[in-house]
Every structure is written in C-alpha cells, then in structure tokens.
Amino acid sequence: MQTYTITILKNGTEKTIQGTLGESLLAAFAEHEIYISAACGGKGRCGKCGVVMYDGVTEAGESARQGFSEQQLAQGVRLACAAYPTGACRIEILGSDEAEFEVVTDYRGAAPEPETTDVRQQECAANCYDIAIDIGTTTLALSLVGDVNGEVRHVHTVTSVNHQRAYGADVISRIQAACDGKLAELSHSIRKDLCSDLIRLLKEAGMDLAGIGQIAVSGNTTMEHLLMEFPCETLGVYPFEPVDISMIRTDFDTLFGAAMAEELGEDPGLSVPVTLLPGISTYVGADIVAGLLSCGFDRTDSVNVLIDLGTNGEMAIGNREKILVTSTAAGPAFEGGNISCGMGSVHGAICGVEINGNEVRWETIGGKEPLGLCGTGVIETACELLKEELIDETGMLDEDYFDDGFPLAESAEGQPIVFTQKDVREIQLAKSAVRAGLETLLLRYGATYEDIGCVYLAGGFGYRMDLKKAAGIGLLPEELLERTVAVGNSSLEGCAEFLTDPEAEARIERIIEVSEEVPLGADKDFNNFYTEFMLFE
C-alpha cells in the first residue's frame, strides 16, 4: 500500500506519521494512537474532528461545507473523517484538549480521601489495597480502595478520557466500529488507557504493582464487551443478545499483560484476580447493577428510582422484592454531542447559563474562556430561553434567532457560541426519551409519584445538573424534586463496595434475580409518553 507523510502541528510541536492512500486522516490518527474526538464515529455529521490543512489541502466535501464557513474552507479547514490526502500534508488539529475532562468520582456519603501519601501508605499497609474501575463511554475512573474501620475508603482516585471516543461518542457508534473490523483496535485502546491510568494511580499514591490484592470492573455492556474483545455483532440488532453478561473472573496477566508490557517496556507477570461485574441485559449493564448495589436497592422496602443520564438513559425502579429496569436512547445531547457548539465537560465548556432580557450570564468549567456548551449548559440554556419565552411549547425558537441561533458568548478567537433551532430539537428528543422511559417504568410497576421514596441521579451529568432547570424543561417530574438526590459515580462506588463488602456478591446475585427488563421499542405507552413530553410545558 502506498503511504504518505502527515506532519501534525499541536501546541507548538510537530509530529510526523505515515498515512495510507485511500484512508481518511481520522483513520490515520487512530492507527497511530493520536486522539481526536469524533462524536459521530467518523460519519461527517458532528463536525467535531476539524483540522486545518496547510499543505496538501484536499477538496472540501459536502459535510465540511455544511459545518464550516467559506472563509474557514478557504483557510484549509476540513473534517478529518472526510479528508483523504493524496500526498504529503501539514495539518493542525482543532478543538479542545479533552485531557482536561471534568470527571465526577464523588459519591454521596463516601468517605473522603486521605490527604497525604503517608496516610495512604499506612492505611494500605494494614489493609491489602484493591482497585475499583469504572469504564464509562466518555470517561474512566480508577480508585484505590480499602475497608478502613468498617468504612469503604477511596484512598486515591484518578480519571481520564476514554480514547475510544475517536470511534464515536455513543455505544452504537462503538458497536458499529467493532463490527466494521475495529474490534481489536477498540479493545487495545481501552486496555492501554486503563494500564496507563493504573500506573499513574499507583505512582501518585506511592504504591507499586506488587501490592494489588484484586481488581473489580464495572461498565455498560458494550464497554465490557470491548474490554474483553467479545464480538459485538449481536449487541446492535434485535433481539440484542450479549455474548456474556455474567460475572466474569479472569486475571491481570490475561487481560492486561500485553498492554502493561507495552506501557512499562516489560511484562510485570501479575496474576492478580480481575472480576467484571455482571449486567442485566445488553442495555442495562454492570454499571447500573453497581449503582443499584451502592444505593442499597436490595436492602430497602421503599420503592426507589435510579436514573443514569448519558447517551443512553438507563433507569430502574423497585426495592428488595422487585426491580424493573430499562434503557432509552437519549442520544449524545447530554454530553454536548450533536449540539452545534457542543462539547464534553472540559475546561472552558459553558456549564451554567442565566438570561435576563438582553443580558446573558454564563459560567464555564474551570473558569476558563468559553469554548462551547457542555450538557448542563444545554439544559440551562433551553430552560432560560423557555423562561424568556424565546422558545414556545412546541420547541420553536423565536424568529429573531431561528436562522442563526441565540448568541450566548464568543470564544477567545471571536467565534460565536450560539444555541440553534437544531439544538432545541436535540434536547427535546433527549429529555422526552428519558421522561417517557421513567413514566413507562412507573406505569409498569404500578407506582405513582407519591409511592416513590427517593430518586437517585447517577453519573457526572446528573451530579452537576441544576435539578430545578431540568424539571423546568420536563426532563424530571417537579413532584419528585424534593426527593431527588444526585449521588455521583454510583458505578465506581458499587465496584468499591464489591471489593470491600463480604456480602456484596450475594447482594448482586439478589439484585439480578429480582430484576426484569422492560423493553421500550414497541411499547405503546412509551411512544405515547414520548410524544407527550416532546412539548415544553
């Protein structure tokens, strides 16, 4: 195969890689483990994989023309997924550095981390230390945990971006990529990420590999399949059958040996046991089981609700006797995907918005100059525009802003950050899917709002979200706001509980035994609720 040279400019440095004629720049990046976000999986729809081509500029395709102005196109701006160089080229990667992704690792009621390395080492010397891992579709979290004086203690935690995002922001994109021959690449990507994070975790805590007792992993079913390099062909087509969602027991050397040897330059030869927590179904995975464990669904008579908001809105209702679970395709809007100026929860993402007449006030993650809108910023913008009657109940944006969008801010480079009519539709679809899923579960369980003891909102998005504004757009029922608690990373906490509670395995078995999935695809009540909650009321 013929190759050509790609010179990549980033942060004042240059790196040279080889591309193959006939493949896109995005494919070349992936082959050389250069991370660039591609929320749509390289389909040319999200416009997030922008690059500037200084030499060897390719013809602008339709997807680039839809996403960039004539001035930008003239300057050589292209989409990496749609750029197919025919010879040597020099490029600069656009977009934010998602290495600064804000990842929530807190959990309601969890013991705080010790402040010093000495304290960490003392605690771990007295208690064999274990590693809890939460594999999210967007981010990863690893925690050094132990049972200290009868309390689950997160001794130290590190987080990072899941670099599988280069293959798409959601599980459907990852499944498609795996089915298109990228399974080995996806598996290698997550194993490499986790090994890199594990090395950093132990280094920062003053520990070494030899002291690890065991490792537990939770994640949605697709993430666990990709970690294990299981075929994904049956995950995305009816009847959506997983290869294996039972509790999987393996060892470190089998699962991570090759990737760790690549990171360290030598094989550590670890035989540490690794357990992947079980799931309930293809779209209600181990992360939800871990969440149900951490929220104590198996130990309560009260009927509670767990909602994990992301690209898939997974939710459960029940108690120790009966649990109903479901998953609804919310799409990536809650994580800034498919939003015209959307982005992940990185420094500079607008996360809070207030609009009073002509005055717009915004807040960004990290207090940095605005770069775009993350999921909470999308929710708050929609709510504020509704309050100002600039969006009507059908979701129609005021005619003054219909064509060009409502201006929120300008980036440091002077680029407008706007909220468009298309963005309104994206959040309508997302909030309607989640609310309809919740209402369908309530109906199937035979419960009313008055019967619910507590609503647990899991995940980073729910943790940061303004609950009143979420209710203001109809995402959550106002009747349940006083009983709604943002619990944070319940998946990571459930993993830690599995490692420290001797009864945890039996509790997980009980949760799965009493759980039943409610499929929504052909559910008439869900479709009726979906139509009803499309409206802003």
# chains A, B, ... in the order shown; residues from 1 in each chain; ligands from 1

$ select_by_dssp --residues "stretch 239-356 of chain A" --states "alpha helix (DSSP H)" --output "MDAnalysis selection string"
chainID A and resid 252:264 286:294

$ residues_around --residues "A:Ile215" --least-positions-apart "3" --cutoff "9 Å" --atoms "only C-alpha atoms" --output "list in words"
Asp130, Ile131, Ala132, Ile133, Ile212, Asp251, Phe252, Val272, Pro273, Val274, Thr275, Leu276 and Leu499 of chain A

$ closest_residue --among "A:Tyr445, A:Val289, A:Met1, A:Leu467" --to "A:Leu481" --atoms "only C-alpha atoms"
A:Leu467

$ residues_around --residues "A:Ala82" --least-positions-apart "2" --cutoff "9 Å" --atoms "only C-alpha atoms" --output "list in words"
Ser24, Leu25, Leu26, Gly42, Lys43, Gly44, Ala60, Gly61, Ser63, Ala64, Arg78, Leu79, Ala80 and Tyr84 of chain A

$ write_last_selection --atoms "C-alpha atoms" --output "compact mmCIF listing (two decimals), in the first residue's frame"
# COMPACT_ATOMS: atom_id res chain seq x y z
CA SER A 24 -9.03 9.35 5.90
CA LEU A 25 -6.94 11.50 8.19
CA LEU A 26 -9.12 10.28 11.07
CA GLY A 42 -16.46 9.48 11.55
CA LYS A 43 -19.73 9.81 9.65
CA GLY A 44 -19.26 13.52 8.89
CA ALA A 60 -13.93 20.26 0.68
CA GLY A 61 -16.72 17.70 0.72
CA SER A 63 -20.02 17.57 5.19
CA ALA A 64 -17.24 20.18 5.52
CA ARG A 78 -11.59 20.31 6.83
CA LEU A 79 -13.13 17.39 8.70
CA ALA A 80 -10.53 14.70 9.42
CA TYR A 84 -8.44 11.86 2.03

$ residues_around --residues "A:Ile350" --least-positions-apart "2" --cutoff "8 Å" --atoms "only C-alpha atoms" --output "number ranges by chain"
A: 348, 352-353, 362-365, 370-374, 377

$ atom_distance --atom1 "atom CA of A:Gly181" --atom2 "atom CA of A:Ala27"
12.4 Å

$ atom_distance --atom1 "atom CA of A:Glu503" --atom2 "atom CA of A:Thr254"
27.0 Å

$ atom_distance --atom1 "atom CA of A:Asp208" --atom2 "atom CA of A:Pro278"
28.3 Å

$ closest_residue --among "A:Glu314, A:Glu497, A:Glu262, A:Asp403" --to "A:Asn220" --atoms "only C-alpha atoms"
A:Glu314

$ residues_around --residues "A:Ile6" --least-positions-apart "5" --cutoff "7 Å" --atoms "only C-alpha atoms" --output "PyMOL selection string"
chain A and resi 16-19+88-90

$ write_last_selection --atoms "all heavy atoms" --output "compact mmCIF listing (two decimals), in the first residue's frame"
# COMPACT_ATOMS: atom_id res chain seq x y z
N THR A 16 5.40 13.58 13.11
CA THR A 16 5.22 13.04 11.76
C THR A 16 4.76 11.60 11.84
O THR A 16 5.32 10.79 12.59
CB THR A 16 6.53 13.13 10.97
OG1 THR A 16 6.94 14.49 10.88
CG2 THR A 16 6.35 12.57 9.57
N ILE A 17 3.72 11.29 11.07
CA ILE A 17 3.23 9.92 10.98
C ILE A 17 3.05 9.57 9.50
O ILE A 17 3.13 10.44 8.63
CB ILE A 17 1.89 9.72 11.72
CG1 ILE A 17 0.79 10.59 11.08
CG2 ILE A 17 2.03 10.02 13.20
CD1 ILE A 17 -0.60 10.33 11.65
N GLN A 18 2.78 8.31 9.24
CA GLN A 18 2.55 7.85 7.87
C GLN A 18 1.06 7.54 7.67
O GLN A 18 0.46 6.84 8.48
CB GLN A 18 3.37 6.60 7.57
CG GLN A 18 4.88 6.83 7.56
CD GLN A 18 5.31 7.81 6.49
OE1 GLN A 18 4.97 7.66 5.31
NE2 GLN A 18 6.05 8.85 6.89
N GLY A 19 0.49 8.09 6.62
CA GLY A 19 -0.87 7.76 6.24
C GLY A 19 -0.87 6.82 5.05
O GLY A 19 0.14 6.69 4.35
N ALA A 88 1.80 14.16 0.70
CA ALA A 88 2.27 14.75 1.95
C ALA A 88 1.45 15.97 2.33
O ALA A 88 1.06 16.77 1.47
CB ALA A 88 3.75 15.11 1.84
N CYS A 89 1.19 16.12 3.63
CA CYS A 89 0.40 17.26 4.08
C CYS A 89 0.86 17.70 5.48
O CYS A 89 1.41 16.92 6.25
CB CYS A 89 -1.10 16.93 4.09
SG CYS A 89 -1.56 15.51 5.09
N ARG A 90 0.61 18.98 5.79
CA ARG A 90 0.86 19.54 7.12
C ARG A 90 -0.48 19.99 7.66
O ARG A 90 -1.22 20.72 6.98
CB ARG A 90 1.83 20.72 7.07
CG ARG A 90 3.25 20.35 6.66
CD ARG A 90 4.14 21.58 6.53
NE ARG A 90 4.46 22.19 7.83
CZ ARG A 90 3.99 23.33 8.27
NH1 ARG A 90 3.13 24.02 7.54
NH2 ARG A 90 4.36 23.82 9.44

$ closest_residue --among "A:Cys46, A:Ile323, A:Leu209, A:Ala83" --to "A:Val514" --atoms "only C-alpha atoms"
A:Ile323

$ closest_residue --among "A:Pro502, A:Gly219, A:Gly211, A:Gly67" --to "A:Thr282" --atoms "only C-alpha atoms"
A:Gly219
